[in-house]
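Engineer: mmCIF, C-alpha atoms (C1' of nucleotides) and all ligand atoms, file upload-v6.cif:
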```cif
data_protein
#
loop_
_atom_site.label_atom_id
_atom_site.label_comp_id
_atom_site.auth_asym_id
_atom_site.auth_seq_id
_atom_site.Cartn_x
_atom_site.Cartn_y
_atom_site.Cartn_z
CA MET A 1 0.00 0.00 0.00
CA ILE A 2 1.61 3.29 -1.08
CA HIS A 3 0.46 6.55 0.40
CA SER A 4 1.95 9.62 -1.21
CA ASP A 5 0.51 11.94 1.44
CA GLU A 6 3.14 12.42 4.13
CA SER A 7 1.49 15.43 5.80
CA LYS A 8 0.26 13.56 8.90
CA PRO A 9 3.23 11.94 10.60
CA ALA A 10 1.14 10.77 13.57
CA ALA A 11 -0.99 8.60 11.26
CA VAL A 12 1.79 6.02 10.82
CA PRO A 13 2.54 4.37 14.18
CA THR A 14 6.09 3.24 14.85
CA ILE A 15 6.92 -0.35 15.65
CA ALA A 16 7.46 0.68 19.27
CA GLU A 17 3.99 2.21 19.38
CA LYS A 18 2.48 -0.92 17.91
CA LYS A 19 4.28 -3.07 20.42
CA GLU A 20 2.85 -0.84 23.11
CA GLN A 21 -0.64 -1.35 21.66
CA LEU A 22 -0.15 -5.09 21.93
CA ARG A 23 1.03 -4.79 25.53
CA LYS A 24 -2.02 -2.70 26.33
CA PHE A 25 -4.27 -5.30 24.73
CA LEU A 26 -2.68 -8.11 26.72
CA ARG A 27 -2.94 -6.27 30.03
CA GLN A 28 -6.55 -5.37 29.35
CA LYS A 29 -7.40 -9.02 28.63
CA GLY A 30 -5.57 -10.32 31.69
CA PHE A 31 -2.84 -11.88 29.54
CA LYS A 32 0.84 -11.53 30.20
CA SER A 33 3.63 -9.78 28.37
CA THR A 34 6.53 -12.09 27.83
CA ARG A 35 9.99 -12.01 26.32
CA GLN A 36 8.80 -14.34 23.54
CA ARG A 37 5.76 -12.30 22.63
CA ASP A 38 7.87 -9.20 22.46
CA ILE A 39 10.42 -10.79 20.16
CA ILE A 40 7.77 -12.35 17.93
CA ALA A 41 5.77 -9.12 17.68
CA GLY A 42 8.97 -7.22 16.89
CA GLU A 43 9.96 -9.58 14.08
CA PHE A 44 6.43 -9.69 12.71
CA LEU A 45 6.06 -5.92 12.64
CA LYS A 46 9.46 -5.57 10.99
CA CYS A 47 8.76 -7.89 8.08
CA SER A 48 5.87 -6.26 6.28
CA GLU A 49 4.69 -9.18 4.22
CA HIS A 50 1.85 -11.65 4.08
CA VAL A 51 3.64 -14.11 6.28
CA THR A 52 2.68 -17.57 7.55
CA ALA A 53 3.37 -18.76 11.10
CA GLU A 54 5.86 -21.21 9.65
CA GLU A 55 7.74 -18.52 7.73
CA LEU A 56 7.91 -16.17 10.68
CA TYR A 57 9.01 -19.02 12.91
CA LYS A 58 11.90 -19.81 10.57
CA LYS A 59 13.00 -16.19 10.48
CA ILE A 60 12.91 -15.94 14.25
CA SER A 61 14.57 -19.24 15.01
CA ASN A 62 17.76 -18.09 13.28
CA LYS A 63 18.42 -15.72 16.18
CA HIS A 64 16.28 -17.32 18.89
CA LYS A 65 16.60 -21.09 18.77
CA ASN A 66 14.58 -21.48 21.93
CA ILE A 67 11.33 -19.93 20.66
CA GLY A 68 8.96 -22.65 19.51
CA PHE A 69 6.66 -22.75 16.54
CA THR A 70 3.62 -23.07 18.77
CA THR A 71 4.39 -19.81 20.49
CA VAL A 72 4.81 -18.02 17.18
CA TYR A 73 1.51 -19.48 16.03
CA ARG A 74 -0.29 -18.42 19.20
CA THR A 75 1.28 -14.98 19.28
CA LEU A 76 0.19 -14.26 15.71
CA LYS A 77 -3.38 -15.07 16.79
CA LEU A 78 -3.00 -12.62 19.67
CA ILE A 79 -1.56 -9.94 17.41
CA ALA A 80 -4.55 -10.36 15.12
CA ALA A 81 -6.97 -10.24 18.06
CA SER A 82 -5.35 -7.01 19.21
CA GLY A 83 -6.11 -5.41 15.84
CA LEU A 84 -2.49 -5.07 14.77
CA ALA A 85 -2.82 -7.70 12.07
CA THR A 86 -5.34 -9.55 9.96
CA GLU A 87 -5.49 -13.16 9.00
CA ARG A 88 -5.63 -13.87 5.28
CA VAL A 89 -6.12 -17.14 3.47
CA PHE A 90 -5.40 -17.09 -0.25
CA ALA A 91 -5.75 -19.88 -2.77
CA ASP A 92 -2.84 -21.88 -1.36
CA ASN A 93 -4.89 -22.37 1.80
CA LEU A 94 -2.18 -21.18 4.15
CA THR A 95 -3.08 -18.76 6.91
CA ARG A 96 -1.09 -15.58 6.49
CA TYR A 97 -0.83 -12.53 8.68
CA GLU A 98 -0.30 -8.98 7.63
CA SER A 99 0.44 -5.96 9.76
CA LEU A 100 -2.48 -3.59 9.58
CA SER A 101 -3.56 -0.37 11.19
CA ALA A 102 -7.17 -0.19 12.29
CA GLU A 103 -8.68 1.92 9.48
CA ASP A 104 -6.89 0.50 6.50
CA HIS A 105 -8.65 -1.96 4.17
CA HIS A 106 -7.44 -3.33 0.87
CA ASP A 107 -7.81 -6.28 -1.46
CA HIS A 108 -5.25 -8.33 -3.37
CA LEU A 109 -3.90 -9.27 -6.77
CA ILE A 110 -2.05 -12.57 -6.56
CA CYS A 111 0.32 -13.88 -9.22
CA LEU A 112 -0.25 -17.53 -10.02
CA ASN A 113 3.34 -17.86 -11.20
CA CYS A 114 5.62 -16.02 -8.78
CA GLY A 115 3.19 -15.70 -5.89
CA SER A 116 3.72 -11.96 -5.59
CA ILE A 117 0.93 -10.13 -3.82
CA THR A 118 -0.13 -6.64 -4.85
CA GLU A 119 -2.52 -4.59 -2.78
CA PHE A 120 -5.24 -2.30 -4.05
CA GLU A 121 -8.13 -0.32 -2.78
CA ASN A 122 -11.23 0.63 -4.74
CA PRO A 123 -14.05 2.57 -3.05
CA LYS A 124 -16.39 2.05 -6.01
CA ILE A 125 -16.23 -1.70 -5.66
CA GLU A 126 -16.73 -1.45 -1.92
CA LYS A 127 -19.85 0.66 -2.49
CA LEU A 128 -21.21 -1.76 -5.06
CA GLN A 129 -20.65 -4.62 -2.66
CA GLU A 130 -22.70 -2.84 -0.03
CA ARG A 131 -25.45 -2.15 -2.54
CA ILE A 132 -25.62 -5.80 -3.52
CA ALA A 133 -25.71 -6.93 0.10
CA ASN A 134 -28.57 -4.51 0.77
CA GLU A 135 -30.53 -5.85 -2.20
CA PHE A 136 -30.47 -9.25 -0.58
CA GLY A 137 -31.27 -7.94 2.89
CA PHE A 138 -27.80 -9.02 3.88
CA ASN A 139 -25.77 -7.44 6.65
CA THR A 140 -22.14 -7.56 5.54
CA VAL A 141 -19.49 -8.07 8.21
CA THR A 142 -16.50 -8.71 6.02
CA HIS A 143 -15.61 -9.61 2.49
CA LYS A 144 -12.96 -11.29 0.49
CA MET A 145 -11.90 -10.20 -2.93
CA GLU A 146 -8.88 -11.58 -4.69
CA LEU A 147 -7.79 -11.38 -8.31
CA TYR A 148 -5.63 -14.26 -9.50
CA GLY A 149 -3.55 -14.12 -12.65
CA TYR A 150 -0.12 -13.17 -13.95
CA CYS A 151 1.79 -10.09 -12.85
CA ARG A 152 3.55 -7.79 -15.28
CA MET A 153 6.81 -9.69 -15.03
CA CYS A 154 5.40 -13.18 -15.31
CA LYS A 155 3.14 -12.18 -18.18
CA LYS A 156 6.26 -11.49 -20.25
CA ASP A 157 7.72 -14.87 -19.36
CA VAL A 158 4.50 -16.59 -20.35
CA LEU A 159 4.66 -14.96 -23.79
CA ARG A 160 8.24 -16.20 -24.15
CA GLY A 161 7.21 -19.67 -22.99
CA GLU A 162 9.43 -19.31 -19.94
CA ARG A 163 6.85 -19.71 -17.25
CA PHE A 164 8.03 -21.64 -14.24
CA ASP A 165 7.47 -21.67 -10.53
CA ARG A 166 9.57 -19.07 -8.79
CA ARG A 167 8.09 -19.60 -5.39
CA MET B 1 -29.19 -18.10 -9.82
CA ILE B 2 -32.59 -17.12 -11.14
CA HIS B 3 -33.12 -16.50 -14.83
CA SER B 4 -36.53 -15.19 -15.78
CA ASP B 5 -35.92 -15.62 -19.52
CA GLU B 6 -37.29 -19.01 -20.54
CA SER B 7 -37.25 -18.39 -24.29
CA LYS B 8 -34.25 -20.62 -25.07
CA PRO B 9 -34.97 -24.15 -23.87
CA ALA B 10 -31.77 -25.54 -25.39
CA ALA B 11 -29.70 -23.27 -23.13
CA VAL B 12 -30.39 -25.39 -20.04
CA PRO B 13 -28.90 -28.84 -20.52
CA THR B 14 -30.68 -31.78 -18.93
CA ILE B 15 -28.97 -34.05 -16.43
CA ALA B 16 -28.79 -36.71 -19.11
CA GLU B 17 -27.03 -34.29 -21.44
CA LYS B 18 -24.59 -33.33 -18.72
CA LYS B 19 -23.86 -36.96 -18.00
CA GLU B 20 -23.20 -37.42 -21.70
CA GLN B 21 -20.78 -34.48 -21.60
CA LEU B 22 -18.89 -36.19 -18.80
CA ARG B 23 -18.77 -39.45 -20.73
CA LYS B 24 -17.43 -37.60 -23.74
CA PHE B 25 -14.77 -35.96 -21.58
CA LEU B 26 -13.69 -39.28 -20.12
CA ARG B 27 -13.47 -40.99 -23.51
CA GLN B 28 -11.51 -38.09 -24.92
CA LYS B 29 -9.00 -38.26 -22.06
CA GLY B 30 -8.63 -42.03 -22.27
CA PHE B 31 -10.47 -42.51 -18.97
CA LYS B 32 -13.19 -45.03 -18.43
CA SER B 33 -16.89 -44.72 -17.83
CA THR B 34 -17.91 -46.75 -14.83
CA ARG B 35 -21.05 -47.59 -12.90
CA GLN B 36 -19.72 -45.62 -9.91
CA ARG B 37 -18.91 -42.51 -11.90
CA ASP B 38 -22.34 -42.57 -13.44
CA ILE B 39 -24.10 -42.85 -10.09
CA ILE B 40 -21.95 -40.17 -8.49
CA ALA B 41 -22.41 -37.76 -11.39
CA GLY B 42 -26.14 -38.39 -11.32
CA GLU B 43 -26.45 -37.66 -7.61
CA PHE B 44 -24.21 -34.62 -7.87
CA LEU B 45 -26.13 -33.11 -10.77
CA LYS B 46 -29.39 -33.72 -8.97
CA CYS B 47 -28.50 -31.92 -5.75
CA SER B 48 -27.83 -28.36 -6.88
CA GLU B 49 -25.96 -27.10 -3.85
CA HIS B 50 -22.46 -26.15 -2.85
CA VAL B 51 -21.67 -29.64 -1.72
CA THR B 52 -18.56 -31.18 -0.18
CA ALA B 53 -17.22 -34.61 -1.13
CA GLU B 54 -18.14 -35.79 2.35
CA GLU B 55 -21.73 -34.56 2.06
CA LEU B 56 -22.24 -36.09 -1.35
CA TYR B 57 -20.68 -39.33 -0.17
CA LYS B 58 -23.16 -39.52 2.71
CA LYS B 59 -26.11 -38.90 0.41
CA ILE B 60 -24.95 -41.58 -1.99
CA SER B 61 -24.02 -44.20 0.58
CA ASN B 62 -27.63 -44.39 1.74
CA LYS B 63 -28.52 -46.14 -1.49
CA HIS B 64 -25.14 -47.44 -2.55
CA LYS B 65 -23.22 -48.75 0.44
CA ASN B 66 -20.47 -50.09 -1.75
CA ILE B 67 -19.33 -46.75 -3.23
CA GLY B 68 -16.34 -45.43 -1.33
CA PHE B 69 -15.57 -41.90 -0.26
CA THR B 70 -12.37 -41.89 -2.29
CA THR B 71 -14.27 -42.56 -5.47
CA VAL B 72 -16.71 -39.75 -4.76
CA TYR B 73 -13.78 -37.46 -4.05
CA ARG B 74 -12.01 -38.42 -7.26
CA THR B 75 -15.15 -38.27 -9.38
CA LEU B 76 -15.91 -34.75 -8.20
CA LYS B 77 -12.44 -33.75 -9.37
CA LEU B 78 -13.18 -35.29 -12.75
CA ILE B 79 -16.54 -33.57 -12.98
CA ALA B 80 -14.81 -30.27 -12.29
CA ALA B 81 -12.11 -31.02 -14.86
CA SER B 82 -14.80 -31.76 -17.43
CA GLY B 83 -16.25 -28.29 -16.93
CA LEU B 84 -19.51 -29.47 -15.39
CA ALA B 85 -18.64 -28.11 -11.95
CA THR B 86 -16.37 -25.69 -10.19
CA GLU B 87 -14.50 -26.06 -6.95
CA ARG B 88 -15.18 -23.42 -4.31
CA VAL B 89 -13.52 -22.91 -0.97
CA PHE B 90 -15.27 -20.53 1.40
CA ALA B 91 -14.20 -19.39 4.85
CA ASP B 92 -14.81 -22.77 6.48
CA ASN B 93 -11.97 -24.15 4.37
CA LEU B 94 -13.94 -27.03 2.95
CA THR B 95 -13.75 -27.76 -0.75
CA ARG B 96 -17.21 -27.54 -2.25
CA TYR B 97 -18.44 -28.32 -5.72
CA GLU B 98 -21.24 -26.68 -7.61
CA SER B 99 -22.84 -27.69 -10.84
CA LEU B 100 -22.09 -25.09 -13.46
CA SER B 101 -22.67 -24.56 -17.14
CA ALA B 102 -19.73 -23.22 -19.11
CA GLU B 103 -20.72 -19.55 -19.47
CA ASP B 104 -22.18 -18.84 -16.10
CA HIS B 105 -20.19 -16.89 -13.50
CA HIS B 106 -21.35 -15.61 -10.16
CA ASP B 107 -20.13 -14.63 -6.72
CA HIS B 108 -21.47 -15.38 -3.25
CA LEU B 109 -23.04 -13.95 -0.12
CA ILE B 110 -22.42 -16.28 2.81
CA CYS B 111 -24.28 -16.12 6.11
CA LEU B 112 -22.00 -16.40 9.12
CA ASN B 113 -24.87 -17.73 11.22
CA CYS B 114 -26.86 -20.24 9.17
CA GLY B 115 -24.29 -20.89 6.46
CA SER B 116 -26.76 -20.15 3.67
CA ILE B 117 -25.16 -19.26 0.36
CA THR B 118 -26.75 -16.71 -1.97
CA GLU B 119 -25.49 -16.17 -5.49
CA PHE B 120 -25.20 -12.88 -7.31
CA GLU B 121 -23.79 -11.48 -10.48
CA ASN B 122 -22.67 -7.91 -11.03
CA PRO B 123 -21.17 -6.88 -14.37
CA LYS B 124 -20.08 -3.50 -13.01
CA ILE B 125 -17.91 -5.09 -10.38
CA GLU B 126 -16.47 -7.46 -12.94
CA LYS B 127 -15.56 -4.52 -15.18
CA LEU B 128 -13.98 -2.63 -12.31
CA GLN B 129 -11.95 -5.69 -11.43
CA GLU B 130 -10.60 -5.85 -14.96
CA ARG B 131 -9.78 -2.15 -14.89
CA ILE B 132 -7.84 -2.53 -11.66
CA ALA B 133 -5.94 -5.53 -12.98
CA ASN B 134 -5.00 -3.55 -16.09
CA GLU B 135 -3.73 -0.66 -14.00
CA PHE B 136 -1.25 -3.02 -12.39
CA GLY B 137 -0.29 -4.70 -15.67
CA PHE B 138 -1.93 -7.81 -14.35
CA ASN B 139 -3.46 -10.53 -16.48
CA THR B 140 -6.46 -11.86 -14.56
CA VAL B 141 -7.27 -15.54 -14.89
CA THR B 142 -9.83 -15.89 -12.14
CA HIS B 143 -11.11 -14.10 -9.12
CA LYS B 144 -12.77 -14.73 -5.82
CA MET B 145 -15.30 -12.44 -4.28
CA GLU B 146 -17.32 -13.37 -1.23
CA LEU B 147 -19.43 -11.24 1.09
CA TYR B 148 -19.72 -12.58 4.64
CA GLY B 149 -22.38 -11.40 7.06
CA TYR B 150 -25.90 -12.12 8.22
CA CYS B 151 -28.76 -13.03 5.92
CA ARG B 152 -32.21 -11.48 6.21
CA MET B 153 -33.47 -14.19 8.51
CA CYS B 154 -30.47 -14.33 10.80
CA LYS B 155 -30.28 -10.53 11.01
CA LYS B 156 -33.67 -10.59 12.72
CA ASP B 157 -32.51 -13.24 15.17
CA VAL B 158 -29.45 -11.17 15.97
CA LEU B 159 -31.63 -8.18 16.85
CA ARG B 160 -33.72 -10.41 19.14
CA GLY B 161 -30.53 -11.81 20.67
CA GLU B 162 -31.38 -15.24 19.31
CA ARG B 163 -28.34 -15.85 17.21
CA PHE B 164 -27.10 -19.43 17.23
CA ASP B 165 -25.47 -21.86 14.90
CA ARG B 166 -27.99 -23.56 12.68
CA ARG B 167 -25.49 -25.41 10.54
"C1'" DA C 1 9.77 -13.31 48.42
"C1'" DG C 2 5.49 -16.15 47.82
"C1'" DG C 3 1.65 -17.86 45.39
"C1'" DA C 4 -1.93 -17.87 41.84
"C1'" DA C 5 -2.47 -17.90 37.14
"C1'" DA C 6 -0.81 -17.69 32.52
"C1'" DT C 7 2.76 -19.17 29.19
"C1'" DT C 8 5.88 -22.09 26.91
"C1'" DG C 9 7.29 -25.68 23.69
"C1'" DA C 10 7.62 -30.51 22.51
"C1'" DA C 11 4.71 -33.84 21.36
"C1'" DA C 12 0.31 -35.56 20.28
"C1'" DT C 13 -4.10 -34.85 17.98
"C1'" DT C 14 -7.31 -33.39 14.63
"C1'" DC C 15 -9.28 -33.11 10.26
"C1'" DA C 16 -9.64 -32.57 5.37
"C1'" DT C 17 -7.24 -33.95 1.58
"C1'" DT C 18 -4.41 -36.89 -1.05
"C1'" DT C 19 -1.77 -41.10 -2.05
"C1'" DT C 20 -0.89 -46.06 -2.06
"C1'" DC C 21 -1.69 -50.61 -3.52
"C1'" DA C 22 -3.77 -55.04 -4.36
"C1'" DA C 23 -8.01 -56.59 -6.24
"C1'" DT C 24 -11.47 -55.60 -9.64
"C1'" DT C 25 -13.49 -53.84 -13.79
"C1'" DA C 26 -13.70 -51.66 -18.42
"C1'" DT C 27 -11.94 -51.47 -22.98
"C1'" DT C 28 -9.15 -53.05 -26.81
"C1'" DT C 29 -6.90 -56.63 -29.30
"C1'" DT C 30 -6.44 -61.08 -31.04
"C1'" DA D 1 -15.38 -64.71 -26.88
"C1'" DA D 2 -11.33 -64.98 -24.49
"C1'" DA D 3 -7.06 -62.85 -23.46
"C1'" DA D 4 -4.30 -58.82 -22.94
"C1'" DT D 5 -3.90 -54.11 -21.50
"C1'" DA D 6 -4.81 -50.37 -18.81
"C1'" DA D 7 -7.63 -47.77 -15.69
"C1'" DT D 8 -10.55 -47.88 -11.50
"C1'" DT D 9 -11.89 -48.94 -7.00
"C1'" DG D 10 -11.92 -48.55 -2.01
"C1'" DA D 11 -9.77 -49.49 2.40
"C1'" DA D 12 -6.12 -47.99 4.69
"C1'" DA D 13 -2.19 -45.18 5.24
"C1'" DA D 14 0.07 -40.79 4.57
"C1'" DT D 15 0.21 -35.92 4.42
"C1'" DG D 16 0.34 -31.41 6.23
"C1'" DA D 17 -1.47 -27.36 8.34
"C1'" DA D 18 -3.87 -26.09 12.36
"C1'" DT D 19 -4.84 -26.89 17.01
"C1'" DT D 20 -4.63 -29.00 21.63
"C1'" DT D 21 -2.40 -31.17 25.58
"C1'" DC D 22 0.37 -31.07 29.56
"C1'" DA D 23 4.31 -30.70 32.66
"C1'" DA D 24 7.74 -27.34 33.49
"C1'" DT D 25 8.60 -22.51 33.60
"C1'" DT D 26 7.71 -17.65 33.86
"C1'" DT D 27 5.03 -13.56 34.87
"C1'" DC D 28 2.38 -10.69 37.73
"C1'" DC D 29 0.37 -9.24 41.91
"C1'" DT D 30 0.47 -8.66 46.90
MN MN E 201 -2.42 -7.17 2.14
MN MN E 202 -22.47 -20.74 -6.43
ZN ZN E 203 4.36 -13.01 -11.00
ZN ZN E 204 -28.42 -16.85 7.83
#
```
Before we go any further, please render this structure as structure tokens.

Structural biologist:
Amino acid sequence: MIHSDESKPAAVPTIAEKKEQLRKFLRQKGFKSTRQRDIIAGEFLKCSEHVTAEELYKKISNKHKNIGFTTVYRTLKLIAASGLATERVFADNLTRYESLSAEDHHDHLICLNCGSITEFENPKIEKLQERIANEFGFNTVTHKMELYGYCRMCKKDVLRGERFDRR
Amino acid sequence: MIHSDESKPAAVPTIAEKKEQLRKFLRQKGFKSTRQRDIIAGEFLKCSEHVTAEELYKKISNKHKNIGFTTVYRTLKLIAASGLATERVFADNLTRYESLSAEDHHDHLICLNCGSITEFENPKIEKLQERIANEFGFNTVTHKMELYGYCRMCKKDVLRGERFDRR
DNA sequence: AGGAAATTGAAATTCATTTTCAATTATTTT
DNA sequence: AAAATAATTGAAAATGAATTTCAATTTCCT
């Protein structure tokens, strides 16, 4: 997500501020702040990707061989519950997490060849979705919208007959 | 999907015709037509829902106790490959199949309470999706668009505080 | 510091999906 | 019509991500 408007510096929370938000959430829920949760949250907030528990675990276990997969898995759930992240499941059926500030919503373009994920936002589509839901007397809570195909780079390779899995 | 135009009777293939299409597909691929495949296809084409392999297997095994789950599972894959059905995976992460004629595309409204699935079609959204893909130099192959929330019936229950899982 | 309560992480479990394999069945060839 | 060839069947096992279990450890509160 690219925002060209840099006029409101307070709108983009720092990693430290996000970590504090998590700590606040934990305290408020009667949960505990731990060394592991701090490290996991730190690493998660650093890497701004659509990351799986497995992937994050591997990144972390380079430096911290004593942090287990289960804890990474559980901490990602907590981070999502706190509002700092959302869970996403794309066509590969893996649960991914992405860092997210409260307001921000977007959908995804996903390359079937290289797996790259591009984010977009389109208010017109969002409005149309609401209109459709209303027509059916439906009360929308959330939606999923994903476009699958070939990204600019992979499209070229396909034309040249060079398509292969880069994942 | 409701179509009020009944002027073209040939446009809606009968179950027999669909079964024939499957047989043609099998022959063409060097696969075999079997008693089991015929029964499974028949039952699948009859029940016009978003059905899982498990569900269809249970329906079938009432009458045909000798047809195994694996065969139902594999036959559904074949039916999808033949173009008679599409695979769908909604938020519950179960693979569902729905009978589908070649042209027809639609998206879904899914009730978080009762699990009911409503189909809709919106050309404007489809066009906007294409426009967005183009903006990113993206070549769209397929897309997924699902609205999750509460259907008309369940909305009422929610207001009365009567929400519960009907699935 | 002491004690109640939550957390950790290795291992086990779950659950849908997918694969394996020996026996059976469908199709083609003689 | 039988034999040869090749695919199918279905029970059981394997897979793999997600989730749970549980004893040992750590955090938080007084
Ligand atoms: Mn995203
Ligand atoms: Mn449908
Ligand atoms: Zn790509
Ligand atoms: Zn409902």

Engineer: Would you give me, as a list in words, the residues of chain D that come within 12 Å of chain A, using all atoms listed in the file?

Structural biologist: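 Matching residues, ligands excluded from the count: DG16, DA17, DA18, DT19, DT20, DT26, DT27, DC28 and DC29 of chain D.
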
Engineer: Ligand ZN 203 (chain E): which residues are within 9 Å, counting only C-alpha atoms (C1' of nucleotides) and all ligand atoms, as a PyMOL selection string?

Structural biologist: (chain A and resi 110-117+149-155+166) or (chain B and resi 138)

Engineer: Near chain B, which residues of chain C fall within 10 Å when you count only C-alpha atoms (C1' of nucleotides), and what do they look like as a CSV table (one decimal) with C-alpha atoms (C1' of nucleotides), in the coordinates of the input?

Structural biologist:
```csv
chain,number,residue,atom,x,y,z
C,16,DA,C1',-9.6,-32.6,5.4
C,17,DT,C1',-7.2,-34.0,1.6
C,18,DT,C1',-4.4,-36.9,-1.0
C,25,DT,C1',-13.5,-53.8,-13.8
C,26,DA,C1',-13.7,-51.7,-18.4
C,27,DT,C1',-11.9,-51.5,-23.0
```

Engineer: Using only C-alpha atoms and a distance of at most 10 Å, pull out the residues of chain B that contact chain A, as a VMD selection string.

Structural biologist: chain B and resid 89 to 91 93 109 to 112 118 to 122 124 to 130 132 to 134 136 to 155

Engineer: Output C-alpha atoms for every residue in that selection, as a PDB file, keeping the file's coordinate frame.

Structural biologist:
```pdb
ATOM      1  CA  VAL B  89     -13.520 -22.910  -0.970  1.00  0.00           C
ATOM      2  CA  PHE B  90     -15.270 -20.530   1.400  1.00  0.00           C
ATOM      3  CA  ALA B  91     -14.200 -19.390   4.850  1.00  0.00           C
ATOM      4  CA  ASN B  93     -11.970 -24.150   4.370  1.00  0.00           C
ATOM      5  CA  LEU B 109     -23.040 -13.950  -0.120  1.00  0.00           C
ATOM      6  CA  ILE B 110     -22.420 -16.280   2.810  1.00  0.00           C
ATOM      7  CA  CYS B 111     -24.280 -16.120   6.110  1.00  0.00           C
ATOM      8  CA  LEU B 112     -22.000 -16.400   9.120  1.00  0.00           C
ATOM      9  CA  THR B 118     -26.750 -16.710  -1.970  1.00  0.00           C
ATOM     10  CA  GLU B 119     -25.490 -16.170  -5.490  1.00  0.00           C
ATOM     11  CA  PHE B 120     -25.200 -12.880  -7.310  1.00  0.00           C
ATOM     12  CA  GLU B 121     -23.790 -11.480 -10.480  1.00  0.00           C
ATOM     13  CA  ASN B 122     -22.670  -7.910 -11.030  1.00  0.00           C
ATOM     14  CA  LYS B 124     -20.080  -3.500 -13.010  1.00  0.00           C
ATOM     15  CA  ILE B 125     -17.910  -5.090 -10.380  1.00  0.00           C
ATOM     16  CA  GLU B 126     -16.470  -7.460 -12.940  1.00  0.00           C
ATOM     17  CA  LYS B 127     -15.560  -4.520 -15.180  1.00  0.00           C
ATOM     18  CA  LEU B 128     -13.980  -2.630 -12.310  1.00  0.00           C
ATOM     19  CA  GLN B 129     -11.950  -5.690 -11.430  1.00  0.00           C
ATOM     20  CA  GLU B 130     -10.600  -5.850 -14.960  1.00  0.00           C
ATOM     21  CA  ILE B 132      -7.840  -2.530 -11.660  1.00  0.00           C
ATOM     22  CA  ALA B 133      -5.940  -5.530 -12.980  1.00  0.00           C
ATOM     23  CA  ASN B 134      -5.000  -3.550 -16.090  1.00  0.00           C
ATOM     24  CA  PHE B 136      -1.250  -3.020 -12.390  1.00  0.00           C
ATOM     25  CA  GLY B 137      -0.290  -4.700 -15.670  1.00  0.00           C
ATOM     26  CA  PHE B 138      -1.930  -7.810 -14.350  1.00  0.00           C
ATOM     27  CA  ASN B 139      -3.460 -10.530 -16.480  1.00  0.00           C
ATOM     28  CA  THR B 140      -6.460 -11.860 -14.560  1.00  0.00           C
ATOM     29  CA  VAL B 141      -7.270 -15.540 -14.890  1.00  0.00           C
ATOM     30  CA  THR B 142      -9.830 -15.890 -12.140  1.00  0.00           C
ATOM     31  CA  HIS B 143     -11.110 -14.100  -9.120  1.00  0.00           C
ATOM     32  CA  LYS B 144     -12.770 -14.730  -5.820  1.00  0.00           C
ATOM     33  CA  MET B 145     -15.300 -12.440  -4.280  1.00  0.00           C
ATOM     34  CA  GLU B 146     -17.320 -13.370  -1.230  1.00  0.00           C
ATOM     35  CA  LEU B 147     -19.430 -11.240   1.090  1.00  0.00           C
ATOM     36  CA  TYR B 148     -19.720 -12.580   4.640  1.00  0.00           C
ATOM     37  CA  GLY B 149     -22.380 -11.400   7.060  1.00  0.00           C
ATOM     38  CA  TYR B 150     -25.900 -12.120   8.220  1.00  0.00           C
ATOM     39  CA  CYS B 151     -28.760 -13.030   5.920  1.00  0.00           C
ATOM     40  CA  ARG B 152     -32.210 -11.480   6.210  1.00  0.00           C
ATOM     41  CA  MET B 153     -33.470 -14.190   8.510  1.00  0.00           C
ATOM     42  CA  CYS B 154     -30.470 -14.330  10.800  1.00  0.00           C
ATOM     43  CA  LYS B 155     -30.280 -10.530  11.010  1.00  0.00           C
TER      44      LYS B 155
END
```

Engineer: Neighbouring residues of B:Thr71 were defined as those with any atom within 9 Å, considering all atoms listed in the file; residues of the same chain fewer than 4 positions away were excluded. Please report them as a PyMOL selection string.

Structural biologist: (chain B and resi 36-37+40+57+67+75-76) or (chain D and resi 8-10)

Engineer: Just the selected residues (C-alpha atoms (C1' of nucleotides)), exported as a compact mmCIF listing (two decimals), in the coordinates of the input, please.

Structural biologist:
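Wrote it out as part04.txt, contents follow:
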```txt
# COMPACT_ATOMS: atom_id res chain seq x y z
CA GLN B 36 -19.72 -45.62 -9.91
CA ARG B 37 -18.91 -42.51 -11.90
CA ILE B 40 -21.95 -40.17 -8.49
CA TYR B 57 -20.68 -39.33 -0.17
CA ILE B 67 -19.33 -46.75 -3.23
CA THR B 75 -15.15 -38.27 -9.38
CA LEU B 76 -15.91 -34.75 -8.20
C1' DT D 8 -10.55 -47.88 -11.50
C1' DT D 9 -11.89 -48.94 -7.00
C1' DG D 10 -11.92 -48.55 -2.01
```

Engineer: Find the axis-aligned box for stretch 104-122 of chain B, covering all its listed atoms and adding 8 Å on each side, and write its centre and edge lengths in Å to one decimal as AutoDock Vina command-line options.

Structural biologist:
```
--center_x -23.5 --center_y -14.4 --center_z -2.4 --size_x 22.7 --size_y 29.0 --size_z 43.3
```

Engineer: Which neighbours of D:DT21 fall inside 12 Å, counting all atoms listed in the file, when residues of the same chain fewer than 5 positions from it are skipped, and could you give them as an MDAnalysis selection string?

Structural biologist: chainID C and resid 9:13

Engineer: Hey, what's within 10 Å of A:Val51 if we count all atoms listed in the file and toss same-chain stuff fewer than 3 positions away? As a PyMOL selection string, please?

Structural biologist: chain A and resi 44+47-48+54-57+87-88+94-99

Engineer: Give the answer as one residue: which of A:Lys59, A:Arg27, A:Lys156, A:His105 has the shortest atom-to-atom distance to ligand MN 201 (chain E), using all atoms listed in the file?

Structural biologist: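 Answer, going by the shortest atom-to-atom distance: A:His105.
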
Engineer: To one decimal in Å, tell me the separation between atom CA of B:Gly83 and atom C1' of D:DA11.

Structural biologist: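 One can read the atom CA of B:Gly83 to atom C1' of D:DA11 distance as 29.4 Å.
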